[in-house]
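What follows is a single structure, written as C-alpha cells, with notes after it.
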Amino acid sequence: MSSASVGVLASKQSQTASIQAHLDEAIEGLLASLPAPEQVSADQRRGIIARYSAVLEGNFIYWMTGAYLAVGSDLARAKIVENLREEVRDCHPGMMRRFALAAHAIPTDADAQSVYRNLMNVRLFIGKLSPVPIVITMAFFEGFIQRFMPYLAELARRQGSNEMEYTDVHGVCDITHTQELFRALEAEMALANGSVATDEIFEGVTLLRTLIRNIVVND
Ligand SMILES: [Fe+2]
C-alpha cells in the first residue's frame with residue numbers, strides 16, 4: 001500500500017471513529033431517557049412492547065435489504081448478507097411475535113397508528129438507498145437494539161412473560177460484529193470518496209431516533 005493510500009485509510013478510520021462516538025452518544029441519550037421499569041404502568045408497558053413489535057417485526061429485514069441494495073463494496077455486502085441470513089434462517093420476525101404474544105402485547109391498530117408517521121419517515125429515508133447514511137443508520141439501530149434488550153426483557157417479565165428468546169438472541173454483546181460493521185462503513189466511505197454531504201450523514205439516525213422515542217415514550 002502506498003503512503004498516500006495509507007493516509008486515506010487512516011483518515012477514513014478516524015472519520016468512522018467519530019461517527020461511532022456520535023452513535024454511542026445517541027444510544028446513551030436514548031437509554032438515559034427510558035422511564036424506570038418500576039415506574040411504568042401496565043398499560044405503558046404493553047404499549048412499549050407493542051409499538052416496538054409493530055416497527056421491528058415487519059421492517060428490520062426490509063431495511064437491512066435496503067442497505068444491501070444500497071452498498072457497493074464486497075465487504076459491506078458480505079456483512080449485511082450474513083445478518084440477513086441469520087434473520088431469515090432463525091425466523092427473527094417469528095421470535096418477535098412470540099415475544100409480544102407471551103407479554104400480552106400484540107400490536108393493535110392504535111399502536112400501528114401511533115408510530116405511523118415516524119415509521120413512514122424512516123421508510124422513505126431507506127428508499128433513497130444512500131449507501132453511507134444507510135449503513136450508519138443500521139449500525140445505530142443494531143447498537144440500540146442490543147443495549148435496549150435488558151430493558152425490554154424486564155418490561156416483558158413484569159407483563160408475566162418468561163418467553164425471552166428474542167431478547168436473549170439480540171442482547172448478546174458482539175464486539176466483532178460491531179467492528180465488522182464499521183469496517184464495512186469504512187469501505188463504503190472509501191467508495192463514496194467524500195461525495196456524502198455532512199448534513200446527510202446522520203439523516204437516517206435522526207429519523208430513527210425520533211421513531212424510537214415514539215416507541216418508548218409515545219410522544
Ligand atoms: Fe433480529
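Identifiers in the C-alpha cells: chain A, B, ... in order shown; residue index from 1 per chain; ligand index from 1 in order shown.
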message = Show me, as a PyMOL selection string, the residues that have an atom within 12 Å of Leu31 (chain A) when counting only C-alpha atoms, minus same-chain residues fewer than 2 positions from it.
response = chain A and resi 24-29+33-36+143-152+209+212-213+216-217
inquiry  = Need the shell around region 107-120 of chain A: protein/DNA/RNA residues with any atom at most 12 Å away, counting only C-alpha atoms. Skip same-chain ones fewer than 6 positions apart. Format as JSON, numbers by chain?
reply    = {"A": [43, 44, 46, 47, 48, 49, 50, 51, 52, 53, 54, 55, 56, 57, 58, 59, 60, 63, 96, 97, 99, 100, 101, 126, 127, 204, 206, 207, 208, 209, 210, 211, 212, 213, 214, 215, 216, 217, 218, 219]}
The selected residues should be written to file as a short mmCIF file (atom, residue, chain, number, x, y, z; two decimals), in the first residue's frame (atoms: N, CA, C and O atoms).
```
data_model
loop_
_atom_site.label_atom_id
_atom_site.label_comp_id
_atom_site.auth_asym_id
_atom_site.auth_seq_id
_atom_site.Cartn_x
_atom_site.Cartn_y
_atom_site.Cartn_z
N ASP A 43 -50.26 -0.51 31.41
CA ASP A 43 -50.71 -0.07 30.10
C ASP A 43 -49.55 0.47 29.24
O ASP A 43 -49.44 0.16 28.05
N GLN A 44 -48.67 1.25 29.89
CA GLN A 44 -47.50 1.78 29.18
C GLN A 44 -46.55 0.66 28.76
O GLN A 44 -45.99 0.68 27.68
N ARG A 46 -47.31 -2.48 28.11
CA ARG A 46 -47.88 -3.15 26.95
C ARG A 46 -47.64 -2.31 25.68
O ARG A 46 -47.26 -2.82 24.64
N GLY A 47 -47.84 -0.99 25.81
CA GLY A 47 -47.69 -0.10 24.66
C GLY A 47 -46.27 -0.09 24.11
O GLY A 47 -46.07 -0.12 22.89
N ILE A 48 -45.28 -0.06 25.00
CA ILE A 48 -43.88 -0.02 24.54
C ILE A 48 -43.54 -1.30 23.76
O ILE A 48 -43.00 -1.26 22.66
N ILE A 49 -43.91 -2.45 24.33
CA ILE A 49 -43.62 -3.73 23.65
C ILE A 49 -44.38 -3.81 22.33
O ILE A 49 -43.83 -4.23 21.31
N ALA A 50 -45.64 -3.37 22.35
CA ALA A 50 -46.47 -3.45 21.13
C ALA A 50 -45.93 -2.54 20.03
O ALA A 50 -45.84 -2.95 18.87
N ARG A 51 -45.54 -1.31 20.37
CA ARG A 51 -45.03 -0.39 19.34
C ARG A 51 -43.68 -0.87 18.83
O ARG A 51 -43.39 -0.78 17.63
N TYR A 52 -42.85 -1.39 19.74
CA TYR A 52 -41.55 -1.93 19.32
C TYR A 52 -41.79 -3.07 18.31
O TYR A 52 -41.15 -3.13 17.26
N SER A 53 -42.73 -3.97 18.64
CA SER A 53 -43.03 -5.09 17.74
C SER A 53 -43.60 -4.61 16.42
O SER A 53 -43.25 -5.13 15.36
N ALA A 54 -44.48 -3.60 16.48
CA ALA A 54 -45.11 -3.07 15.26
C ALA A 54 -44.03 -2.57 14.30
O ALA A 54 -44.16 -2.69 13.09
N VAL A 55 -42.96 -2.02 14.84
CA VAL A 55 -41.88 -1.50 13.99
C VAL A 55 -40.92 -2.61 13.57
O VAL A 55 -40.60 -2.77 12.40
N LEU A 56 -40.48 -3.43 14.52
CA LEU A 56 -39.42 -4.40 14.24
C LEU A 56 -39.87 -5.60 13.40
O LEU A 56 -39.15 -6.03 12.50
N GLU A 57 -41.04 -6.14 13.72
CA GLU A 57 -41.43 -7.41 13.10
C GLU A 57 -41.43 -7.33 11.58
O GLU A 57 -40.93 -8.22 10.90
N GLY A 58 -41.98 -6.25 11.05
CA GLY A 58 -42.12 -6.19 9.60
C GLY A 58 -41.11 -5.30 8.90
O GLY A 58 -41.16 -5.17 7.67
N ASN A 59 -40.21 -4.67 9.63
CA ASN A 59 -39.34 -3.69 8.97
C ASN A 59 -37.86 -3.96 9.04
O ASN A 59 -37.11 -3.46 8.19
N PHE A 60 -37.39 -4.71 10.04
CA PHE A 60 -35.94 -4.85 10.18
C PHE A 60 -35.32 -5.50 8.93
O PHE A 60 -34.36 -4.98 8.36
N TRP A 63 -35.46 -3.14 5.93
CA TRP A 63 -34.47 -2.06 5.95
C TRP A 63 -33.06 -2.59 5.72
O TRP A 63 -32.25 -1.95 5.07
N MET A 96 -39.96 -12.42 17.36
CA MET A 96 -40.52 -11.14 17.83
C MET A 96 -42.00 -11.31 18.18
O MET A 96 -42.48 -10.84 19.20
N ARG A 97 -42.72 -12.01 17.30
CA ARG A 97 -44.17 -12.22 17.50
C ARG A 97 -44.41 -13.03 18.77
O ARG A 97 -45.28 -12.72 19.57
N PHE A 99 -42.52 -13.22 21.35
CA PHE A 99 -42.17 -12.37 22.49
C PHE A 99 -43.36 -11.46 22.85
O PHE A 99 -43.75 -11.36 24.02
N ALA A 100 -43.93 -10.81 21.82
CA ALA A 100 -45.06 -9.89 22.05
C ALA A 100 -46.29 -10.64 22.55
O ALA A 100 -46.98 -10.19 23.48
N LEU A 101 -46.53 -11.81 21.96
CA LEU A 101 -47.69 -12.62 22.32
C LEU A 101 -47.62 -13.03 23.80
O LEU A 101 -48.58 -12.88 24.55
N ILE A 126 -34.97 5.13 3.86
CA ILE A 126 -34.36 3.87 3.38
C ILE A 126 -34.49 3.80 1.85
O ILE A 126 -33.57 3.40 1.15
N GLY A 127 -35.63 4.24 1.34
CA GLY A 127 -35.90 4.19 -0.10
C GLY A 127 -34.94 5.02 -0.93
O GLY A 127 -34.81 4.80 -2.13
N GLY A 204 -30.72 9.51 8.57
CA GLY A 204 -31.46 8.32 8.98
C GLY A 204 -31.42 8.12 10.49
O GLY A 204 -32.41 7.69 11.09
N THR A 206 -31.24 10.45 12.77
CA THR A 206 -32.17 11.41 13.38
C THR A 206 -33.61 10.92 13.26
O THR A 206 -34.38 10.96 14.23
N LEU A 207 -33.98 10.41 12.08
CA LEU A 207 -35.35 9.93 11.87
C LEU A 207 -35.63 8.69 12.72
O LEU A 207 -36.71 8.55 13.31
N LEU A 208 -34.63 7.80 12.80
CA LEU A 208 -34.81 6.57 13.56
C LEU A 208 -34.87 6.87 15.07
O LEU A 208 -35.64 6.25 15.79
N ARG A 209 -34.08 7.84 15.50
CA ARG A 209 -34.10 8.21 16.92
C ARG A 209 -35.49 8.76 17.30
O ARG A 209 -36.03 8.44 18.35
N THR A 210 -36.08 9.54 16.40
CA THR A 210 -37.43 10.06 16.65
C THR A 210 -38.43 8.91 16.73
O THR A 210 -39.31 8.89 17.59
N LEU A 211 -38.28 7.93 15.83
CA LEU A 211 -39.17 6.77 15.85
C LEU A 211 -39.00 5.97 17.15
O LEU A 211 -39.98 5.54 17.76
N ILE A 212 -37.77 5.80 17.59
CA ILE A 212 -37.53 5.04 18.83
C ILE A 212 -38.13 5.78 20.03
O ILE A 212 -38.74 5.17 20.91
N ARG A 213 -38.00 7.09 20.04
CA ARG A 213 -38.62 7.88 21.13
C ARG A 213 -40.14 7.71 21.10
O ARG A 213 -40.81 7.62 22.11
N ASN A 214 -40.68 7.66 19.90
CA ASN A 214 -42.11 7.42 19.70
C ASN A 214 -42.51 6.06 20.28
O ASN A 214 -43.56 5.91 20.92
N ILE A 215 -41.64 5.06 20.10
CA ILE A 215 -41.91 3.72 20.63
C ILE A 215 -41.89 3.74 22.17
O ILE A 215 -42.81 3.24 22.81
N VAL A 216 -40.85 4.31 22.74
CA VAL A 216 -40.67 4.16 24.19
C VAL A 216 -41.44 5.20 25.01
O VAL A 216 -41.86 4.91 26.12
N VAL A 217 -41.59 6.40 24.47
CA VAL A 217 -42.28 7.44 25.24
C VAL A 217 -43.65 7.75 24.63
O VAL A 217 -44.51 8.33 25.28
N ASN A 218 -43.83 7.35 23.37
CA ASN A 218 -45.07 7.63 22.63
C ASN A 218 -45.37 9.13 22.60
O ASN A 218 -46.52 9.53 22.79
N ASP A 219 -44.32 9.96 22.39
CA ASP A 219 -44.59 11.40 22.28
C ASP A 219 -44.58 11.83 20.81
O ASP A 219 -44.28 11.05 19.94
#
```
request  = Return the single residue from A:Leu23, A:Ile175, A:Ala103, A:Met95 that is closest to ligand 1, with distances computed using only C-alpha atoms and all ligand atoms.
outcome  =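 Comparing A:Leu23, A:Ile175, A:Ala103, A:Met95 against ligand 1, the winner is A:Met95.
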task = Would you please work out which residue, of A:Ala76, A:Asn83, A:Leu69, A:Gln39, is nearest to ligand 1 when using only C-alpha atoms and all ligand atoms?
result =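 Once distances to ligand 1 are computed over only C-alpha atoms and all ligand atoms, the minimum belongs to A:Asn83.
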Report as CSV the residues of chain A within 7 Å of ligand 1, each with its shortest atom pair and distance in Å (one decimal), using only C-alpha atoms and all ligand atoms, ordered by chain and increasing residue number.
```
residue,atom,partner,partner_atom_place_in_ligand_line,distance
A:Glu87,CA,ligand 1,1 (Fe),5.2
A:His92,CA,ligand 1,1 (Fe),4.9
A:His170,CA,ligand 1,1 (Fe),6.4
```
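With distances restricted to only C-alpha atoms, A:Ala21 is the closest residue to Phe140 (chain A) from A:Ala156, A:Ala21, A:Val81, A:Ala190.
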inquiry  = Based on the backbone DSSP call, show me all residues of region 28-218 of chain A assigned alpha helix (DSSP H), as a ChimeraX atom specification.
reply    = /A:28-32,42-70,74-89,92-102,109-127,131-158,165-170,175-192,198-201,203-216
query = Of the candidates A:Gly160, A:Pro93, A:Gly72, A:Pro131, which one gets nearest to Val196 (chain A) if we count only C-alpha atoms?
reply =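 Selected residue with least distance to Val196 (chain A): A:Pro131.
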key: Which of A:Leu185, A:Val71, A:Val132, A:Val122 sits closest to Thr198 (chain A) [using only C-alpha atoms]   =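 With only C-alpha atoms as the atom set, the closest residue is A:Val132.
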request  = Tell me, in Å to one decimal, how far CA of Leu84 (chain A) is from CA of Thr178 (chain A).
outcome  =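 According to the coordinates, CA of Leu84 (chain A) and CA of Thr178 (chain A) are separated by 15.2 Å.
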task = Could you check which of A:Arg183, A:Met64, A:Pro37, A:Ile106 is closest to Glu154 (chain A), using only C-alpha atoms?
result =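 For Glu154 (chain A), the nearest of the given residues is A:Pro37.
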ask   = What gap, in Å, lies between CA of His177 (chain A) and CA of Ile19 (chain A)?
value = 16.4 Å
query = CA of Ala105 (chain A) to CA of Gln159 (chain A): how many Å, to one decimal?
reply =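 That distance, rounded to one decimal, is 8.7 Å.
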